[in-house]
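Novice: Next comes the structure file protein.cif, holding mmCIF, C-alpha atoms.
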```
data_entry
loop_
_atom_site.label_atom_id
_atom_site.label_comp_id
_atom_site.auth_asym_id
_atom_site.auth_seq_id
_atom_site.Cartn_x
_atom_site.Cartn_y
_atom_site.Cartn_z
CA MET A 725 0.00 0.00 0.00
CA ASN A 726 1.47 3.34 -1.04
CA TYR A 727 0.44 5.93 1.51
CA LYS A 728 2.08 8.74 -0.51
CA GLN A 729 -1.00 8.86 -2.72
CA GLU A 730 -3.43 9.12 0.13
CA PRO A 731 -4.38 12.14 2.23
CA LEU A 732 -2.90 12.26 5.74
CA THR A 733 -5.06 12.24 8.85
CA PRO A 734 -5.55 15.70 10.43
CA ALA A 735 -3.44 14.63 13.44
CA VAL A 736 -0.50 13.53 11.28
CA PHE A 737 -0.77 16.59 9.04
CA TYR A 738 -0.74 19.03 11.95
CA ILE A 739 2.12 17.22 13.70
CA LEU A 740 4.19 17.45 10.51
CA LEU A 741 3.27 21.12 10.24
CA ALA A 742 4.29 21.73 13.87
CA LEU A 743 7.66 20.07 13.29
CA SER A 744 8.30 21.94 10.03
CA SER A 745 9.74 24.97 11.85
CA LYS A 746 11.83 23.25 14.55
CA GLU A 747 12.37 20.15 16.67
CA ARG A 748 9.77 19.80 19.40
CA HIS A 749 8.86 17.53 22.31
CA GLY A 750 5.39 16.05 22.85
CA TYR A 751 3.78 18.89 24.81
CA ASP A 752 5.25 21.50 22.51
CA ILE A 753 3.85 19.64 19.49
CA MET A 754 0.44 19.45 21.15
CA LYS A 755 0.33 23.18 21.86
CA GLN A 756 1.55 24.08 18.38
CA VAL A 757 -1.08 21.82 16.78
CA GLU A 758 -3.79 23.57 18.81
CA ALA A 759 -2.47 26.99 17.80
CA ASP A 760 -2.08 26.09 14.10
CA SER A 761 -5.57 24.59 13.91
CA HIS A 762 -7.13 27.46 15.92
CA GLY A 763 -8.19 24.95 18.55
CA ASN A 764 -9.98 22.69 16.08
CA VAL A 765 -7.55 19.80 16.53
CA LYS A 766 -7.14 18.92 20.19
CA MET A 767 -5.18 15.78 20.91
CA GLY A 768 -4.75 13.83 24.12
CA PRO A 769 -1.56 11.94 25.02
CA GLY A 770 -2.90 8.70 23.47
CA THR A 771 -3.66 10.19 20.05
CA LEU A 772 -0.44 12.20 20.00
CA TYR A 773 1.90 9.32 20.84
CA GLY A 774 -0.08 6.84 18.71
CA SER A 775 0.44 9.19 15.74
CA ILE A 776 4.09 9.73 16.66
CA LYS A 777 4.64 5.97 16.80
CA ARG A 778 3.15 5.46 13.32
CA MET A 779 5.11 8.41 11.93
CA LEU A 780 8.35 7.01 13.36
CA GLU A 781 7.52 3.64 11.78
CA ALA A 782 6.93 5.28 8.42
CA GLY A 783 10.15 7.30 8.69
CA LEU A 784 8.41 10.70 8.54
CA ILE A 785 10.02 11.86 11.79
CA ILE A 786 12.96 10.79 13.93
CA GLU A 787 13.78 11.02 17.60
CA VAL A 788 16.59 13.41 18.47
CA ASN A 789 18.45 14.05 21.68
CA ASP A 790 18.35 17.53 23.11
CA LEU A 791 21.38 18.44 25.17
CA GLN A 792 19.49 21.10 27.15
CA ASP A 793 16.57 18.88 28.15
CA LYS A 794 17.64 15.27 28.40
CA ARG A 795 14.44 14.19 30.19
CA ARG A 796 12.31 14.65 27.11
CA LYS A 797 12.25 13.04 23.69
CA PHE A 798 12.38 15.54 20.85
CA TYR A 799 11.20 14.83 17.34
CA ARG A 800 12.43 16.14 14.02
CA LEU A 801 10.97 16.03 10.52
CA THR A 802 12.86 13.81 8.05
CA LYS A 803 13.25 14.58 4.34
CA LYS A 804 10.54 12.04 3.68
CA GLY A 805 8.32 13.84 6.19
CA GLN A 806 9.00 17.17 4.49
CA LYS A 807 8.02 15.67 1.12
CA HIS A 808 4.79 14.33 2.56
CA LEU A 809 3.97 17.66 4.14
CA SER A 810 4.70 19.52 0.88
CA SER A 811 2.52 17.21 -1.19
CA GLU A 812 -0.31 17.47 1.36
CA VAL A 813 -0.07 21.29 1.39
CA GLN A 814 -0.07 21.20 -2.40
CA ARG A 815 -3.21 19.08 -2.33
CA TYR A 816 -4.90 21.55 0.03
CA SER A 817 -3.78 24.41 -2.20
CA GLU A 818 -5.39 22.76 -5.24
CA VAL A 819 -8.62 22.32 -3.29
CA VAL A 820 -8.55 26.00 -2.25
CA ASN A 821 -7.96 27.08 -5.87
CA LEU A 822 -10.86 24.92 -6.98
CA ALA A 823 -13.04 26.41 -4.27
CA LYS A 824 -12.03 29.94 -5.37
CA ASN A 825 -12.85 29.18 -9.00
CA ARG A 826 -16.24 27.91 -8.00
CA LYS A 827 -16.71 30.93 -5.75
CA LEU A 828 -17.15 28.78 -2.67
CA LEU A 829 -14.77 30.69 -0.40
CA GLY A 830 -16.33 33.10 2.06
CA VAL A 831 -19.83 31.84 1.36
CA GLY A 832 -21.69 31.43 4.65
CA ASN A 833 -24.63 29.27 3.64
CA LEU A 834 -24.15 27.19 0.56
CA ASP A 835 -27.22 26.25 -1.38
CA PHE A 836 -26.45 23.07 -3.27
CA GLY A 837 -29.93 22.95 -4.68
CA VAL A 838 -30.96 19.82 -2.84
CA MET B 769 -4.02 3.84 33.33
CA LEU B 770 -0.79 3.23 31.44
CA GLU B 771 -0.63 -0.36 32.69
CA LEU B 772 -3.44 -1.30 30.30
CA TYR B 773 -1.43 -0.43 27.18
CA PRO B 774 0.60 -3.19 25.42
CA SER B 775 3.92 -3.51 27.26
CA ARG B 776 6.18 -2.44 24.40
CA TYR B 777 4.12 0.66 23.72
CA ARG B 778 4.27 1.47 27.42
CA ASP B 779 8.04 0.97 27.50
CA GLU B 780 8.51 3.24 24.50
CA PHE B 781 6.11 6.08 25.24
CA GLY B 782 4.85 5.57 28.81
CA GLN B 783 7.17 8.06 30.50
CA GLU B 784 6.58 10.63 27.75
CA MET B 785 2.81 10.28 28.11
CA ILE B 786 3.05 10.79 31.88
CA ARG B 787 5.19 13.90 31.39
CA LEU B 788 2.77 15.24 28.80
CA PHE B 789 -0.18 14.69 31.15
CA GLN B 790 1.74 16.40 33.98
CA ASP B 791 2.38 19.42 31.74
CA MET B 792 -1.29 19.59 30.76
CA TYR B 793 -2.40 19.20 34.38
CA HIS B 794 0.07 21.84 35.56
CA ASP B 795 -1.25 24.35 32.99
CA VAL B 796 -4.85 23.71 34.00
CA ARG B 797 -4.03 24.10 37.73
CA ASN B 798 -2.45 27.47 36.99
CA SER B 799 -5.45 28.76 35.09
CA ASP B 800 -8.24 30.69 36.84
CA ASN B 801 -11.01 28.93 34.99
CA ASP B 802 -12.43 25.94 36.95
CA MET B 803 -14.05 24.57 33.83
CA GLU B 804 -10.57 23.91 32.42
CA MET B 805 -10.14 20.92 34.75
CA ILE B 806 -13.40 19.35 33.58
CA SER B 807 -12.46 20.09 30.00
CA LEU B 808 -9.08 18.35 30.57
CA TRP B 809 -10.73 15.11 31.73
CA VAL B 810 -13.35 15.29 28.98
CA ARG B 811 -10.44 15.41 26.56
CA ILE B 812 -8.24 12.79 28.26
CA ILE B 813 -10.71 9.96 28.95
CA PRO B 814 -12.18 9.38 25.44
CA ASP B 815 -8.70 9.86 23.95
CA TYR B 816 -7.35 7.23 26.36
CA LEU B 817 -10.07 4.70 25.54
CA ILE B 818 -9.70 5.18 21.77
CA SER B 819 -5.91 4.98 21.79
CA LEU B 820 -5.97 1.96 24.14
CA THR B 821 -8.22 0.09 21.69
CA LYS B 822 -6.11 1.16 18.69
CA GLU B 823 -2.82 0.08 20.27
CA HIS B 824 -4.20 -3.30 21.32
CA LEU B 825 -5.60 -3.88 17.84
CA SER B 826 -2.26 -2.89 16.34
CA HIS B 827 -0.52 -5.27 18.76
CA LEU B 828 -2.90 -8.13 17.88
CA LYS B 829 -2.35 -7.58 14.16
CA GLY B 830 1.28 -8.57 14.60
CA GLY B 831 2.72 -5.86 16.72
CA ASP B 832 4.55 -2.74 15.82
CA TYR B 833 7.87 -3.10 14.12
CA TYR B 834 9.04 0.12 15.66
CA MET B 835 8.53 -1.25 19.15
CA HIS B 836 11.83 -2.24 20.56
CA LYS B 837 13.61 -2.97 23.79
CA LYS B 838 17.38 -2.94 24.08
CA PHE B 839 18.97 -6.41 24.13
CA ASP B 840 21.32 -6.10 27.08
CA THR B 841 23.51 -8.40 29.17
CA LEU B 842 20.41 -9.79 30.91
CA GLY B 843 19.06 -10.67 27.47
CA LEU B 844 22.38 -12.33 26.64
CA PHE B 845 22.18 -14.34 29.89
CA PHE B 846 18.65 -15.59 29.06
CA TRP B 847 19.68 -16.30 25.47
CA ILE B 848 22.66 -18.47 26.46
CA THR B 849 20.79 -20.15 29.34
CA ALA B 850 17.89 -21.03 27.02
CA GLY B 851 20.35 -22.30 24.38
CA ILE B 852 22.06 -24.59 26.90
CA ALA B 853 19.06 -25.67 28.99
CA VAL B 854 17.17 -27.24 26.09
CA PHE B 855 19.79 -30.01 25.74
CA PRO B 856 19.22 -31.89 29.03
CA VAL B 857 15.46 -31.22 28.92
CA VAL B 858 15.06 -32.52 25.39
CA PHE B 859 17.37 -35.45 26.07
CA PHE B 860 15.32 -36.45 29.12
CA ILE B 861 12.07 -36.19 27.14
CA SER B 862 13.52 -38.16 24.20
CA MET B 863 14.75 -40.99 26.45
CA ASN B 864 11.31 -41.27 28.01
CA LEU B 865 9.46 -41.00 24.71
CA VAL B 866 11.40 -43.93 23.27
CA GLY B 867 10.16 -46.07 26.14
CA ILE B 868 6.60 -44.75 26.09
CA LEU B 869 6.20 -45.09 22.32
CA GLY B 870 7.90 -48.52 22.31
CA LEU B 871 10.50 -47.50 19.73
CA GLY B 872 13.18 -49.80 21.07
CA SER B 873 15.98 -49.44 23.55
CA THR B 874 17.31 -46.11 24.75
CA GLU B 875 20.75 -47.37 23.77
CA ASP B 876 20.09 -47.51 20.04
CA GLN B 877 19.70 -44.97 17.22
CA SER B 878 15.96 -44.41 17.70
CA VAL B 879 16.69 -41.94 20.54
CA TRP B 880 18.43 -39.65 18.05
CA LEU B 881 15.49 -39.79 15.64
CA ILE B 882 13.40 -38.19 18.36
CA PHE B 883 16.14 -36.15 20.02
CA ILE B 884 17.37 -34.19 16.99
CA PRO B 885 14.04 -32.88 15.60
CA LEU B 886 12.81 -32.18 19.14
CA LEU B 887 16.05 -30.35 19.91
CA LEU B 888 15.79 -28.15 16.80
CA ILE B 889 12.14 -27.29 17.57
CA SER B 890 12.99 -26.55 21.22
CA LEU B 891 16.00 -24.45 20.26
CA ILE B 892 14.08 -22.11 17.96
CA GLY B 893 11.19 -22.11 20.43
CA SER B 894 13.47 -20.99 23.25
CA GLN B 895 15.12 -18.37 21.02
CA TRP B 896 11.69 -17.02 20.06
CA LEU B 897 10.64 -16.85 23.72
CA VAL B 898 13.68 -14.70 24.56
CA LEU B 899 13.66 -12.55 21.42
CA ARG B 900 9.96 -11.63 21.64
CA LYS B 901 10.75 -9.66 24.77
CA TYR B 902 13.02 -7.40 22.73
CA THR B 903 11.72 -7.18 19.18
CA ASP B 904 8.64 -7.96 17.15
CA ARG B 905 10.87 -9.58 14.56
CA ALA B 906 11.01 -12.66 16.82
CA LYS B 907 8.34 -14.39 14.71
CA ASP B 908 10.40 -13.73 11.56
CA TRP B 909 13.46 -15.14 13.37
CA LEU B 910 11.57 -18.34 14.20
CA ILE B 911 10.31 -18.85 10.63
CA ASN B 912 13.63 -17.96 8.97
CA THR B 913 15.73 -20.13 11.30
CA ALA B 914 13.42 -23.11 10.75
CA PHE B 915 13.62 -22.49 6.99
CA ALA B 916 17.43 -22.23 7.15
CA TRP B 917 17.59 -25.61 8.88
CA VAL B 918 15.39 -27.16 6.22
CA VAL B 919 17.74 -25.71 3.55
CA MET B 920 20.78 -27.00 5.48
CA ILE B 921 19.35 -30.53 5.90
CA ALA B 922 18.22 -30.64 2.25
CA SER B 923 21.58 -29.40 0.97
CA THR B 924 23.43 -31.89 3.17
CA PHE B 925 21.29 -34.69 1.79
CA VAL B 926 21.95 -33.59 -1.79
CA VAL B 927 25.69 -32.95 -1.38
CA ILE B 928 26.67 -35.85 0.86
CA GLY B 929 23.87 -38.32 0.19
CA LEU B 930 23.81 -38.07 -3.59
CA LEU B 931 26.98 -36.46 -4.93
CA PHE B 932 29.66 -37.77 -2.57
CA ARG B 933 28.13 -40.94 -1.17
CA ASN B 934 31.21 -43.04 -1.99
CA LEU B 935 33.67 -40.51 -0.61
CA THR B 936 35.50 -41.53 2.56
CA ILE B 937 37.72 -39.07 4.32
CA THR B 938 40.25 -40.54 6.69
CA GLU B 939 43.01 -37.97 6.71
CA PRO B 940 42.59 -35.56 9.64
CA LYS B 941 43.70 -32.57 7.54
CA SER B 942 41.15 -33.31 4.79
CA LEU B 943 38.44 -33.82 7.40
CA MET B 944 39.27 -30.48 8.96
CA PHE B 945 39.13 -28.83 5.54
CA VAL B 946 35.70 -30.35 4.81
CA GLN B 947 34.41 -29.32 8.24
CA ALA B 948 35.66 -25.77 7.72
CA ILE B 949 33.72 -25.59 4.44
CA GLN B 950 30.66 -27.06 6.17
CA ALA B 951 30.91 -24.46 8.95
CA ILE B 952 31.11 -21.64 6.41
CA VAL B 953 28.19 -22.98 4.37
CA TYR B 954 25.94 -23.86 7.34
CA GLY B 955 26.85 -20.74 9.31
CA GLY B 956 26.42 -18.64 6.18
CA ILE B 957 22.96 -20.06 5.43
CA LEU B 958 21.78 -19.75 9.05
CA GLY B 959 23.28 -16.28 9.47
CA TRP B 960 21.86 -15.02 6.18
CA PHE B 961 18.32 -16.14 7.01
CA GLN B 962 18.57 -14.71 10.54
CA LYS B 963 19.95 -11.44 9.15
CA LYS B 964 16.89 -11.26 6.88
CA ALA B 965 14.65 -11.84 9.91
CA LEU B 966 16.17 -8.84 11.69
CA HIS B 967 15.66 -6.53 8.69
CA GLY B 968 16.04 -2.88 9.45
CA TYR B 969 18.54 -3.41 12.27
CA ALA B 970 22.05 -2.11 11.74
CA ASN B 971 24.84 -4.71 12.14
CA ALA B 972 22.49 -7.65 11.42
CA TRP B 973 25.25 -9.04 9.15
CA LEU B 974 27.17 -9.93 12.36
CA LEU B 975 24.94 -13.01 12.61
CA ILE B 976 26.77 -14.56 9.64
CA PRO B 977 30.28 -14.66 11.23
CA ALA B 978 28.70 -15.46 14.62
CA ASN B 979 27.01 -18.58 13.22
CA ILE B 980 30.11 -19.62 11.26
CA ILE B 981 32.31 -19.42 14.39
CA GLY B 982 29.66 -21.18 16.54
CA ILE B 983 29.26 -24.04 14.06
CA ALA B 984 33.04 -24.33 13.48
CA LEU B 985 33.49 -24.76 17.24
CA ILE B 986 30.78 -27.45 17.27
CA PHE B 987 32.68 -29.36 14.58
CA ALA B 988 35.93 -28.92 16.50
CA SER B 989 34.25 -30.34 19.63
CA ILE B 990 32.67 -33.24 17.74
CA GLY B 991 36.19 -34.14 16.66
CA GLU B 992 37.04 -34.62 20.32
CA SER B 993 33.88 -36.78 20.78
CA ILE B 994 30.83 -35.90 22.82
CA SER B 995 30.16 -38.41 25.55
CA SER B 996 27.83 -36.79 28.04
CA ILE B 997 25.00 -34.30 28.42
CA ILE B 998 27.52 -31.81 29.84
CA ASP B 999 29.51 -32.11 26.60
CA MET B 1000 26.34 -31.49 24.60
CA MET B 1001 25.48 -28.45 26.68
CA LEU B 1002 28.98 -27.13 26.18
CA VAL B 1003 28.74 -27.67 22.43
CA GLY B 1004 25.31 -26.03 22.39
CA SER B 1005 26.65 -23.01 24.21
CA TYR B 1006 28.99 -22.02 21.33
CA PRO B 1007 26.36 -20.84 18.82
CA ALA B 1008 24.25 -19.39 21.65
CA LEU B 1009 27.24 -17.43 22.95
CA PHE B 1010 28.33 -16.05 19.59
CA THR B 1011 24.85 -15.24 18.24
CA GLY B 1012 24.03 -13.71 21.65
CA ILE B 1013 27.07 -11.43 21.49
CA ALA B 1014 26.07 -10.47 17.92
CA LEU B 1015 22.55 -9.65 19.16
CA LEU B 1016 24.04 -7.25 21.73
CA PHE B 1017 25.36 -5.19 18.83
CA ILE B 1018 22.28 -5.64 16.67
CA ILE B 1019 19.28 -5.24 19.01
CA GLY B 1020 21.26 -2.81 21.15
CA LYS B 1021 19.97 -0.11 18.78
CA LYS B 1022 16.57 0.61 17.33
CA PRO B 1023 15.80 -0.65 13.82
CA MET B 1024 16.66 1.92 11.17
CA ARG B 1025 13.25 1.90 9.58
CA SER B 1026 10.21 -0.23 9.28
CA SER B 1027 9.24 -2.33 6.33
CA ARG B 1028 5.67 -1.54 7.21
CA GLN B 1029 4.02 1.45 5.68
CA GLY B 1030 0.56 2.71 5.18
CA ALA B 1031 -0.44 3.27 8.77
CA LEU B 1032 -0.94 7.01 8.45
CA THR B 1033 -4.16 7.33 6.55
#
```
What would you get if you wrote out this structure as structure tokens?
Specialist:
Amino acid sequence: MNYKQEPLTPAVFYILLALSSKERHGYDIMKQVEADSHGNVKMGPGTLYGSIKRMLEAGLIIEVNDLQDKRRKFYRLTKKGQKHLSSEVQRYSEVVNLAKNRKLLGVGNLDFGV
Amino acid sequence: MLELYPSRYRDEFGQEMIRLFQDMYHDVRNSDNDMEMISLWVRIIPDYLISLTKEHLSHLKGGDYYMHKKFDTLGLFFWITAGIAVFPVVFFISMNLVGILGLGSTEDQSVWLIFIPLLLISLIGSQWLVLRKYTDRAKDWLINTAFAWVVMIASTFVVIGLLFRNLTITEPKSLMFVQAIQAIVYGGILGWFQKKALHGYANAWLLIPANIIGIALIFASIGESISSIIDMMLVGSYPALFTGIALLFIIGKKPMRSSRQGALT
């Protein structure tokens, strides 16, 4: 199964986005995800570490040691992770362009004629 | 709450999850809004139940290849002990089975017909029991090792039974030469299959020289004749010792990457 072709889950997408700027530990990732999603994606420890585990397995992120805070595990985006994030952002961008062309953006109540 | 997660998941992320919860709890305690505490638990409990179910399902489906525990000196101790202990146990069972099944006297060859297959099954079984504590590739190890033995037995039958059946080696130097080739071939086959089982781990190639040395030492000991169970245990300890040392360098680090993909969508 080639997961490159398939959209990422919101949790995985926002974790990749959070790690795109710098290495972060679990709590930092969680707070950044909340901020980036304007509070729409709220994860608990189970969802966060379940996603981290699967992303480590897939090679999208790696664990790194931080010399300043040895008690915590920090995570960093890999090149593969960056590629996945870019293609997902590209996919979103195409959807936004499509929505613009169809004048769907900024419309409060859409009437689909059903 | 963490105790209910699969053990390897707990070992890998348990401490991190506790720290994360402590950070969240600390933030809520410092806020003025009392509703924040309720909101924290409303967020934590469903998340916990969902992730618990997911992780157990993932574990039941064959485990997570990322999950890993460092193979340390305690692991080495169990590995060697298991490798040695199977000899007297299997020998005792074989001796009794010959009597129970009425296959003849315990003095004759029929003991070996039971002893050898039972020993091979027990050896890989004991290796699997130890390895599964450290890596989810233990099942692959079991299958590949069994397959390697089948290849070794089949190749021995073809080479010695069919091609060189009339060949008799009496000269000690020639015998040593043949045994050295056998050790390289057998050790190479066993090591290659075991290396494949531990895919993704750095240094997995070390299993090839480890098996060659272990088997070469078995041949060297056979040359001096094996007369007792203690001798057998000693002989059995060679491959266990060398593969165990190799495992210290292999499962001492996490696998480089998983062969499994597709878990993200």
Novice: List every residue of chain A that has an atom at most 7 Å from any atom of chain B, giving for each one its closest atom pair and the distance in Å to one decimal, counting all atoms listed in the file, sorted by chain and then by ascending residue number, as JSON lines.
Specialist:
```
{"residue": "A:Met725", "atom": "CA", "partner": "B:Gly1030", "partner_atom": "CA", "distance": 5.9}
{"residue": "A:Asn726", "atom": "CA", "partner": "B:Gly1030", "partner_atom": "CA", "distance": 6.3}
{"residue": "A:Tyr727", "atom": "CA", "partner": "B:Gly1030", "partner_atom": "CA", "distance": 4.9}
{"residue": "A:Glu730", "atom": "CA", "partner": "B:Thr1033", "partner_atom": "CA", "distance": 6.7}
{"residue": "A:Pro731", "atom": "CA", "partner": "B:Thr1033", "partner_atom": "CA", "distance": 6.5}
{"residue": "A:Leu732", "atom": "CA", "partner": "B:Thr1033", "partner_atom": "CA", "distance": 5.2}
{"residue": "A:Thr733", "atom": "CA", "partner": "B:Thr1033", "partner_atom": "CA", "distance": 5.5}
{"residue": "A:Gly750", "atom": "CA", "partner": "B:Leu788", "partner_atom": "CA", "distance": 6.6}
{"residue": "A:Tyr751", "atom": "CA", "partner": "B:Leu788", "partner_atom": "CA", "distance": 5.5}
{"residue": "A:Gly768", "atom": "CA", "partner": "B:Ile812", "partner_atom": "CA", "distance": 5.5}
{"residue": "A:Pro769", "atom": "CA", "partner": "B:Met785", "partner_atom": "CA", "distance": 5.6}
{"residue": "A:Gly770", "atom": "CA", "partner": "B:Ser819", "partner_atom": "CA", "distance": 5.1}
{"residue": "A:Thr771", "atom": "CA", "partner": "B:Ser819", "partner_atom": "CA", "distance": 5.9}
{"residue": "A:Tyr773", "atom": "CA", "partner": "B:Phe781", "partner_atom": "CA", "distance": 6.9}
{"residue": "A:Gly774", "atom": "CA", "partner": "B:Ser819", "partner_atom": "CA", "distance": 6.9}
{"residue": "A:Arg778", "atom": "CA", "partner": "B:Ala1031", "partner_atom": "CA", "distance": 6.2}
{"residue": "A:Glu781", "atom": "CA", "partner": "B:Ser1026", "partner_atom": "CA", "distance": 5.3}
{"residue": "A:Ala782", "atom": "CA", "partner": "B:Gln1029", "partner_atom": "CA", "distance": 5.5}
{"residue": "A:Gly783", "atom": "CA", "partner": "B:Arg1025", "partner_atom": "CA", "distance": 6.3}
```
Novice: Those same residues - C-alpha atoms - I'd like them written as an mmCIF file, keeping the file's coordinate frame.
Specialist:
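The resulting part.cif:
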```
data_model
loop_
_atom_site.group_PDB
_atom_site.id
_atom_site.type_symbol
_atom_site.label_atom_id
_atom_site.label_comp_id
_atom_site.auth_asym_id
_atom_site.auth_seq_id
_atom_site.Cartn_x
_atom_site.Cartn_y
_atom_site.Cartn_z
ATOM 1 C CA MET A 725 0.000 0.000 0.000
ATOM 2 C CA ASN A 726 1.470 3.340 -1.040
ATOM 3 C CA TYR A 727 0.440 5.930 1.510
ATOM 4 C CA GLU A 730 -3.430 9.120 0.130
ATOM 5 C CA PRO A 731 -4.380 12.140 2.230
ATOM 6 C CA LEU A 732 -2.900 12.260 5.740
ATOM 7 C CA THR A 733 -5.060 12.240 8.850
ATOM 8 C CA GLY A 750 5.390 16.050 22.850
ATOM 9 C CA TYR A 751 3.780 18.890 24.810
ATOM 10 C CA GLY A 768 -4.750 13.830 24.120
ATOM 11 C CA PRO A 769 -1.560 11.940 25.020
ATOM 12 C CA GLY A 770 -2.900 8.700 23.470
ATOM 13 C CA THR A 771 -3.660 10.190 20.050
ATOM 14 C CA TYR A 773 1.900 9.320 20.840
ATOM 15 C CA GLY A 774 -0.080 6.840 18.710
ATOM 16 C CA ARG A 778 3.150 5.460 13.320
ATOM 17 C CA GLU A 781 7.520 3.640 11.780
ATOM 18 C CA ALA A 782 6.930 5.280 8.420
ATOM 19 C CA GLY A 783 10.150 7.300 8.690
#
```
Novice: Distance CA of Ser775 in chain B-CA of Lys901 in chain B, one decimal place?
Specialist: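 Answer for the CA of Ser775 in chain B to CA of Lys901 in chain B separation: 9.5 Å.
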Novice: Given the PyMOL selection byres ((chain B and resi 995-1011) around 9) and the file above, list the residues it selects as a PDB file with C-alpha atoms, in the coordinates of the input.
Specialist:
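Final output, result11.pdb:
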```
ATOM      1  CA  LEU B 844      22.380 -12.330  26.640  1.00  0.00           C
ATOM      2  CA  TRP B 847      19.680 -16.300  25.470  1.00  0.00           C
ATOM      3  CA  ILE B 848      22.660 -18.470  26.460  1.00  0.00           C
ATOM      4  CA  THR B 849      20.790 -20.150  29.340  1.00  0.00           C
ATOM      5  CA  ALA B 850      17.890 -21.030  27.020  1.00  0.00           C
ATOM      6  CA  GLY B 851      20.350 -22.300  24.380  1.00  0.00           C
ATOM      7  CA  ILE B 852      22.060 -24.590  26.900  1.00  0.00           C
ATOM      8  CA  ALA B 853      19.060 -25.670  28.990  1.00  0.00           C
ATOM      9  CA  VAL B 854      17.170 -27.240  26.090  1.00  0.00           C
ATOM     10  CA  PHE B 855      19.790 -30.010  25.740  1.00  0.00           C
ATOM     11  CA  PRO B 856      19.220 -31.890  29.030  1.00  0.00           C
ATOM     12  CA  PHE B 859      17.370 -35.450  26.070  1.00  0.00           C
ATOM     13  CA  GLY B 959      23.280 -16.280   9.470  1.00  0.00           C
ATOM     14  CA  LEU B 974      27.170  -9.930  12.360  1.00  0.00           C
ATOM     15  CA  LEU B 975      24.940 -13.010  12.610  1.00  0.00           C
ATOM     16  CA  ILE B 976      26.770 -14.560   9.640  1.00  0.00           C
ATOM     17  CA  PRO B 977      30.280 -14.660  11.230  1.00  0.00           C
ATOM     18  CA  ALA B 978      28.700 -15.460  14.620  1.00  0.00           C
ATOM     19  CA  ASN B 979      27.010 -18.580  13.220  1.00  0.00           C
ATOM     20  CA  ILE B 980      30.110 -19.620  11.260  1.00  0.00           C
ATOM     21  CA  ILE B 981      32.310 -19.420  14.390  1.00  0.00           C
ATOM     22  CA  GLY B 982      29.660 -21.180  16.540  1.00  0.00           C
ATOM     23  CA  ILE B 983      29.260 -24.040  14.060  1.00  0.00           C
ATOM     24  CA  LEU B 985      33.490 -24.760  17.240  1.00  0.00           C
ATOM     25  CA  ILE B 986      30.780 -27.450  17.270  1.00  0.00           C
ATOM     26  CA  PHE B 987      32.680 -29.360  14.580  1.00  0.00           C
ATOM     27  CA  SER B 989      34.250 -30.340  19.630  1.00  0.00           C
ATOM     28  CA  ILE B 990      32.670 -33.240  17.740  1.00  0.00           C
ATOM     29  CA  SER B 993      33.880 -36.780  20.780  1.00  0.00           C
ATOM     30  CA  ILE B 994      30.830 -35.900  22.820  1.00  0.00           C
ATOM     31  CA  GLY B1012      24.030 -13.710  21.650  1.00  0.00           C
ATOM     32  CA  ILE B1013      27.070 -11.430  21.490  1.00  0.00           C
ATOM     33  CA  ALA B1014      26.070 -10.470  17.920  1.00  0.00           C
ATOM     34  CA  LEU B1015      22.550  -9.650  19.160  1.00  0.00           C
ATOM     35  CA  LEU B1016      24.040  -7.250  21.730  1.00  0.00           C
TER      36      LEU B1016
END
```
Novice: Residues within 8 Å of Ser744 in chain A, please, as number ranges by chain. Count all atoms listed in the file; anything in the same chain fewer than 4 positions from it doesn't count.
Specialist: A: 740, 801, 806
Novice: Store the residues picked out above in a file with C-alpha atoms, as a tab-separated table (two decimals), in the coordinates of the input.
Specialist:
```
chain	number	residue	atom	x	y	z
A	740	LEU	CA	4.19	17.45	10.51
A	801	LEU	CA	10.97	16.03	10.52
A	806	GLN	CA	9.00	17.17	4.49
```
Novice: How far is it from CA of Glu771 in chain B to CA of Leu828 in chain B, in Å with one decimal?
Specialist: 16.9 Å
Novice: Residues within 12 Å of Trp917 in chain B, please, as JSON, numbers by chain. Count only C-alpha atoms; anything in the same chain fewer than 2 positions from it doesn't count.
Specialist: {"B": [884, 885, 888, 889, 891, 892, 910, 911, 912, 913, 914, 915, 919, 920, 921, 922, 923, 924, 953, 954, 955, 956, 957, 958, 959, 960, 961, 962]}
Novice: Rounded to one decimal in Å, what is the spacing between CA of Phe860 in chain B and CA of Phe845 in chain B?
Specialist: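 Going from CA of Phe860 in chain B over to CA of Phe845 in chain B, I get 23.2 Å.
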Novice: Using all atoms listed in the file for the distances, tell me which of A:Lys804, A:Gln792, A:Ile739, A:Lys746 is nearest to Ile776 in chain A.
Specialist: A:Ile739
Novice: The PyMOL selection byres ((chain B and resi 897) around 12) - which residues does that actually catch in the file I just gave you? List them as a ChimeraX atom specification.
Specialist: /B:843,846-847,850-851,890-896,898-907,909-910
Novice: Please work out which residues fall within 12 Å of (-9.0, 19.5, 19.7), coordinates as given in the file, with only C-alpha atoms counting, and return them as a PyMOL selection string.
Specialist: (chain A and resi 734-735+738+754-769+771-772) or (chain B and resi 807-808+810-812+815)
Novice: Using all atoms listed in the file, which residue out of B:Ala988, B:Asp800, B:Pro774, B:His824 lies closest to Gln947 in chain B?
Specialist: B:Ala988
Novice: Run the PyMOL selection byres ((chain B and resi 1018) around 7) against the file shown and list the residues it catches, as a list in words.
Specialist: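 That expression, the PyMOL selection byres ((chain B and resi 1018) around 7), corresponds here to Tyr969, Ala970, Asn971, Ala972, Ala1014, Leu1015, Leu1016, Phe1017, Ile1019, Gly1020 and Lys1021 of chain B.
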